[in-house]
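Notes to accompany the following structure.
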Amino acid sequence: MKKIALLILIILLISCKSSSNKVYNVTDFGAKGDSLTLNTKFIQKAIDKCSQNGGGKVIVNKGIYISGTILLKNNVTLHVSQDTKLVGSSNPQDYKSTDAFTDATGQERGNCLIGATDAANIGISGKGIIDGNGKAFLYKNIQQKIKELNIDKNEEKKFGRNRPFLIRFVRSNNINLTNINLRQPAAWTCHFYQSNTIKVDDISIYSHANHNNDGVDLDSSFDIKITNSKIDTGDDSICIKTTSPKPTYNVFVKNCELKSDWGAIKFGTESMGDFYNINIKDCKIYDTKGGGIKLLSVDGANINDITIDNIEMENVDMPIFIRLGERLRTYRNAEKQSVGSINNINIKNIRATTRSLDSSRVSSPSGIFITGTENHKIESVLLENIEITLPGSEKNLVLKPVEENEKEYPEFSFFKVLPAYGLYGRHIENLKLKNVKFNITASDIREEIILEDVTKKTTH
């Protein structure tokens, strides 16, 4: 009996392995890589068949394939081969919404080119390109499309409003994105919402076609690794957020190159749920206009147990910005949260050079800005082995009191010129500074460090 049971087990294992290794070419289902055919239904048929048969790999190969929304199913990996493009349709009517919501800017979200909802063991691979065709969703191009399609005036306001993400996975698990080139979505590039066990490795993102062009957004998700990737975005590069009260936690980021026009490593702005046990290390940030490292709790998030280690920054606005605020915005009809907290933040081994005076969002720039509010202090921050080089101040610089802005959008540039060129900190319980150094290449009338309402300061 034992031998029979063992034989059955071996047969089942071989069968499962055989099913998971099956390959389905989309051309066998009617798809054409001629840059003209709308292939949505053909690619979806391949995915559905693959999943129904136990899983495997769906191949997009040799050509330019136009598509609207396609949804991955259990045990399916979409593989876009080298020298192949999967391109988003220019027609908004070709997209579907997966778990629609309204983001922090008040815009409807949910449409995507590639999506999944409540799926397991899914992925995207290959050395090809997935291009969101984001320029097609610019206002002027949408207006042209309305004329081409003769859209009814009553429907015109809805047409093209929900700009599609490139990739969006909702309540899914065991996700792998590897060796893929992601290009030019109309909104965010990769959005993981309430998902877990996520691996992102050796991907390349270039996202500058439209507005809100984030790179990777980790939203109320956990058990995530992002490694060996290059991300160049018009908005945040790697954004850890919570648009629901569920937390984002157990995140590991290593060996990534990041470039952004808004923020390279960002926690928030959407921050209803907590952020904890997050480790980011060995990364390079360059040519970034809106901040290198930004930790923002303004909607109730408790941010704790964060380690950011060994980060090089070159030509970067505001290398470190930490903000505890009282905006308390809600999403998805959730209840308003209480004001959050920021505790046990460890930022160490940072070498940064800021942008020049004429290219800084705030001129004259500062290196580090940490602020809670009068009623809610930041609890504990360690800055260790930090060296930041700055350009100094402008002539005839007029300093004004720094406003609290506790209920406003948390952006360092809204506070304008700070009274310290190195570190300005306020409303902090415990601040530890170990080997923190600021270099200026020209004179600066401001002080190097100013601390206000700091209960305990330790300097080494």
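Scheme for the structure tokens: letters A, B, ... for chains in order shown; per-chain residue numbers from 1; ligand numbers from 1 in order shown.
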
Please build the interface table for segment 58-79 of chain A against segment 99-120 of chain A with a cut-off of 8 Å, listing for each qualifying residue the nearest atom pair and the distance in Å to one decimal; count only C-alpha atoms, order rows by chain and increasing number, and write it as JSON lines.
{"residue": "A:Ser67", "atom": "CA", "partner": "A:Leu113", "partner_atom": "CA", "distance": 7.6}
{"residue": "A:Gly68", "atom": "CA", "partner": "A:Leu113", "partner_atom": "CA", "distance": 5.9}
{"residue": "A:Thr69", "atom": "CA", "partner": "A:Leu113", "partner_atom": "CA", "distance": 4.4}
{"residue": "A:Ile70", "atom": "CA", "partner": "A:Ile114", "partner_atom": "CA", "distance": 5.1}
{"residue": "A:Leu71", "atom": "CA", "partner": "A:Gly115", "partner_atom": "CA", "distance": 4.7}
{"residue": "A:Leu72", "atom": "CA", "partner": "A:Ala116", "partner_atom": "CA", "distance": 5.1}
{"residue": "A:Lys73", "atom": "CA", "partner": "A:Ala119", "partner_atom": "CA", "distance": 5.8}
{"residue": "A:Asn74", "atom": "CA", "partner": "A:Ala120", "partner_atom": "CA", "distance": 5.0}
{"residue": "A:Asn75", "atom": "CA", "partner": "A:Ala120", "partner_atom": "CA", "distance": 6.3}

What would the file look like if the residues just selected were written as a tab-separated table (two decimals), in the first residue's frame with C-alpha atoms?
chain	number	residue	atom	x	y	z
A	67	SER	CA	-4.32	45.48	-26.26
A	68	GLY	CA	-6.82	46.81	-23.76
A	69	THR	CA	-7.20	45.42	-20.24
A	70	ILE	CA	-6.09	41.81	-19.77
A	71	LEU	CA	-6.51	40.02	-16.44
A	72	LEU	CA	-4.10	37.41	-15.15
A	73	LYS	CA	-5.59	34.30	-13.58
A	74	ASN	CA	-4.27	31.73	-11.11
A	75	ASN	CA	-0.92	30.12	-11.92

Can you list, as a ChimeraX atom specification, every residue of segment 38-128 of chain A that DSSP puts in alpha helix (DSSP H)?
-> /A:40-52

Per DSSP on the backbone, filter segment 256-442 of chain A down to the residues in strand (DSSP E) and report them as a PDB file with C-alpha atoms, in the first residue's frame.
ATOM      1  CA  GLU A 257      18.795  52.975  -9.042  1.00  0.00           C
ATOM      2  CA  LEU A 258      16.123  55.629  -8.664  1.00  0.00           C
ATOM      3  CA  LYS A 259      15.428  58.882 -10.473  1.00  0.00           C
ATOM      4  CA  SER A 260      12.330  60.993  -9.911  1.00  0.00           C
ATOM      5  CA  ILE A 265      11.818  56.767  -1.784  1.00  0.00           C
ATOM      6  CA  LYS A 266       8.501  57.877  -0.334  1.00  0.00           C
ATOM      7  CA  PHE A 267       6.244  56.763   2.522  1.00  0.00           C
ATOM      8  CA  GLY A 268       2.761  58.300   1.971  1.00  0.00           C
ATOM      9  CA  THR A 269       1.191  60.611   0.988  1.00  0.00           C
ATOM     10  CA  GLU A 270      -1.835  58.308   1.315  1.00  0.00           C
ATOM     11  CA  SER A 271      -1.245  56.979   4.822  1.00  0.00           C
ATOM     12  CA  PHE A 275       4.014  51.190   7.875  1.00  0.00           C
ATOM     13  CA  TYR A 276       6.482  48.946   9.726  1.00  0.00           C
ATOM     14  CA  ASN A 277       9.397  46.557   9.424  1.00  0.00           C
ATOM     15  CA  ILE A 278      10.739  48.169   6.253  1.00  0.00           C
ATOM     16  CA  ASN A 279      14.403  47.930   5.231  1.00  0.00           C
ATOM     17  CA  ILE A 280      15.842  49.863   2.281  1.00  0.00           C
ATOM     18  CA  LYS A 281      19.565  49.614   1.555  1.00  0.00           C
ATOM     19  CA  ASP A 282      22.360  49.897  -1.007  1.00  0.00           C
ATOM     20  CA  CYS A 283      20.505  52.149  -3.439  1.00  0.00           C
ATOM     21  CA  LYS A 284      21.502  55.097  -5.621  1.00  0.00           C
ATOM     22  CA  ILE A 285      19.290  58.150  -6.141  1.00  0.00           C
ATOM     23  CA  TYR A 286      20.220  60.666  -8.825  1.00  0.00           C
ATOM     24  CA  ASP A 287      18.868  63.709 -10.687  1.00  0.00           C
ATOM     25  CA  THR A 288      15.802  63.904  -8.447  1.00  0.00           C
ATOM     26  CA  ILE A 293      13.911  60.029   1.239  1.00  0.00           C
ATOM     27  CA  LYS A 294      10.432  61.151   2.353  1.00  0.00           C
ATOM     28  CA  LEU A 295       8.607  59.665   5.357  1.00  0.00           C
ATOM     29  CA  LEU A 296       5.121  61.144   5.597  1.00  0.00           C
ATOM     30  CA  SER A 297       2.350  60.183   8.020  1.00  0.00           C
ATOM     31  CA  ASN A 302       1.937  54.754  12.647  1.00  0.00           C
ATOM     32  CA  ILE A 303       5.361  54.554  11.004  1.00  0.00           C
ATOM     33  CA  ASN A 304       7.861  52.506  12.990  1.00  0.00           C
ATOM     34  CA  ASP A 305      10.810  50.144  12.716  1.00  0.00           C
ATOM     35  CA  ILE A 306      12.192  51.664   9.517  1.00  0.00           C
ATOM     36  CA  THR A 307      15.842  51.259   8.482  1.00  0.00           C
ATOM     37  CA  ILE A 308      17.299  53.074   5.481  1.00  0.00           C
ATOM     38  CA  ASP A 309      20.990  52.298   5.047  1.00  0.00           C
ATOM     39  CA  ASN A 310      23.776  53.031   2.562  1.00  0.00           C
ATOM     40  CA  ILE A 311      22.111  55.365   0.087  1.00  0.00           C
ATOM     41  CA  GLU A 312      24.064  57.518  -2.363  1.00  0.00           C
ATOM     42  CA  MET A 313      22.376  60.636  -3.710  1.00  0.00           C
ATOM     43  CA  GLU A 314      23.625  62.871  -6.482  1.00  0.00           C
ATOM     44  CA  ASN A 315      21.881  66.060  -7.640  1.00  0.00           C
ATOM     45  CA  VAL A 316      18.892  65.541  -5.328  1.00  0.00           C
ATOM     46  CA  ILE A 320      15.760  63.650   3.916  1.00  0.00           C
ATOM     47  CA  PHE A 321      12.242  64.870   4.781  1.00  0.00           C
ATOM     48  CA  ILE A 322      10.205  63.442   7.681  1.00  0.00           C
ATOM     49  CA  ARG A 323       6.712  64.762   8.380  1.00  0.00           C
ATOM     50  CA  LEU A 324       4.007  63.873  10.916  1.00  0.00           C
ATOM     51  CA  SER A 341       3.020  58.529  14.918  1.00  0.00           C
ATOM     52  CA  ILE A 342       6.619  58.221  13.718  1.00  0.00           C
ATOM     53  CA  ASN A 343       8.970  56.148  15.870  1.00  0.00           C
ATOM     54  CA  ASN A 344      12.185  54.133  15.674  1.00  0.00           C
ATOM     55  CA  ILE A 345      13.394  55.574  12.375  1.00  0.00           C
ATOM     56  CA  ASN A 346      17.020  54.697  11.565  1.00  0.00           C
ATOM     57  CA  ILE A 347      18.641  56.478   8.620  1.00  0.00           C
ATOM     58  CA  LYS A 348      22.351  55.850   8.273  1.00  0.00           C
ATOM     59  CA  ASN A 349      25.289  55.879   5.875  1.00  0.00           C
ATOM     60  CA  ILE A 350      23.897  58.516   3.560  1.00  0.00           C
ATOM     61  CA  ARG A 351      26.083  60.484   1.146  1.00  0.00           C
ATOM     62  CA  ALA A 352      24.256  63.201  -0.742  1.00  0.00           C
ATOM     63  CA  THR A 353      24.871  66.171  -3.018  1.00  0.00           C
ATOM     64  CA  ILE A 368      17.254  67.598   6.242  1.00  0.00           C
ATOM     65  CA  PHE A 369      13.809  68.692   7.449  1.00  0.00           C
ATOM     66  CA  ILE A 370      12.057  66.833  10.292  1.00  0.00           C
ATOM     67  CA  THR A 371       8.801  68.130  11.737  1.00  0.00           C
ATOM     68  CA  ILE A 378       7.736  62.678  16.220  1.00  0.00           C
ATOM     69  CA  GLU A 379       8.924  60.115  18.766  1.00  0.00           C
ATOM     70  CA  SER A 380      12.378  58.789  17.823  1.00  0.00           C
ATOM     71  CA  VAL A 381      14.756  59.353  14.899  1.00  0.00           C
ATOM     72  CA  LEU A 382      18.400  58.278  14.524  1.00  0.00           C
ATOM     73  CA  LEU A 383      20.607  59.925  11.877  1.00  0.00           C
ATOM     74  CA  GLU A 384      24.016  58.261  11.673  1.00  0.00           C
ATOM     75  CA  ASN A 385      26.962  58.751   9.306  1.00  0.00           C
ATOM     76  CA  ILE A 386      25.261  61.364   7.152  1.00  0.00           C
ATOM     77  CA  GLU A 387      27.207  63.674   4.846  1.00  0.00           C
ATOM     78  CA  ILE A 388      25.393  66.195   2.659  1.00  0.00           C
ATOM     79  CA  THR A 389      26.961  68.769   0.340  1.00  0.00           C
ATOM     80  CA  LEU A 390      24.914  71.894  -0.468  1.00  0.00           C
ATOM     81  CA  ALA A 420      18.991  76.170   8.603  1.00  0.00           C
ATOM     82  CA  TYR A 421      20.937  74.962   5.591  1.00  0.00           C
ATOM     83  CA  GLY A 422      21.834  71.604   7.157  1.00  0.00           C
ATOM     84  CA  LEU A 423      19.113  70.334   9.495  1.00  0.00           C
ATOM     85  CA  TYR A 424      15.929  72.022  10.638  1.00  0.00           C
ATOM     86  CA  GLY A 425      13.960  69.939  13.151  1.00  0.00           C
ATOM     87  CA  ARG A 426      11.015  70.680  15.419  1.00  0.00           C
ATOM     88  CA  HIS A 427       8.363  68.937  17.511  1.00  0.00           C
ATOM     89  CA  ILE A 428      10.510  65.848  18.168  1.00  0.00           C
ATOM     90  CA  GLU A 429      10.740  63.774  21.355  1.00  0.00           C
ATOM     91  CA  ASN A 430      14.081  62.050  20.780  1.00  0.00           C
ATOM     92  CA  LEU A 431      16.590  62.946  18.064  1.00  0.00           C
ATOM     93  CA  LYS A 432      19.974  61.178  17.881  1.00  0.00           C
ATOM     94  CA  LEU A 433      22.712  62.574  15.638  1.00  0.00           C
ATOM     95  CA  LYS A 434      25.872  60.531  15.120  1.00  0.00           C
ATOM     96  CA  ASN A 435      28.529  61.823  12.747  1.00  0.00           C
ATOM     97  CA  VAL A 436      26.206  64.111  10.783  1.00  0.00           C
ATOM     98  CA  LYS A 437      28.102  66.515   8.537  1.00  0.00           C
ATOM     99  CA  PHE A 438      27.074  69.296   6.153  1.00  0.00           C
ATOM    100  CA  ASN A 439      29.374  70.849   3.547  1.00  0.00           C
ATOM    101  CA  ILE A 440      28.598  74.072   1.698  1.00  0.00           C
TER     102      ILE A 440
END

Do a neighbour search on segment 50-62 of chain A at 10 Å with only C-alpha atoms, toss out local chain neighbours closer than 3 positions, and write the hits as a PyMOL selection string.
-> chain A and resi 15-27+31-34+43-47+65+72-86+121-126+128

Record the distance separating atom CA of Arg327 of chain A and atom CA of Asp232 of chain A, expressed in Å with one decimal.
->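 Interatomic distance here is 28.9 Å.
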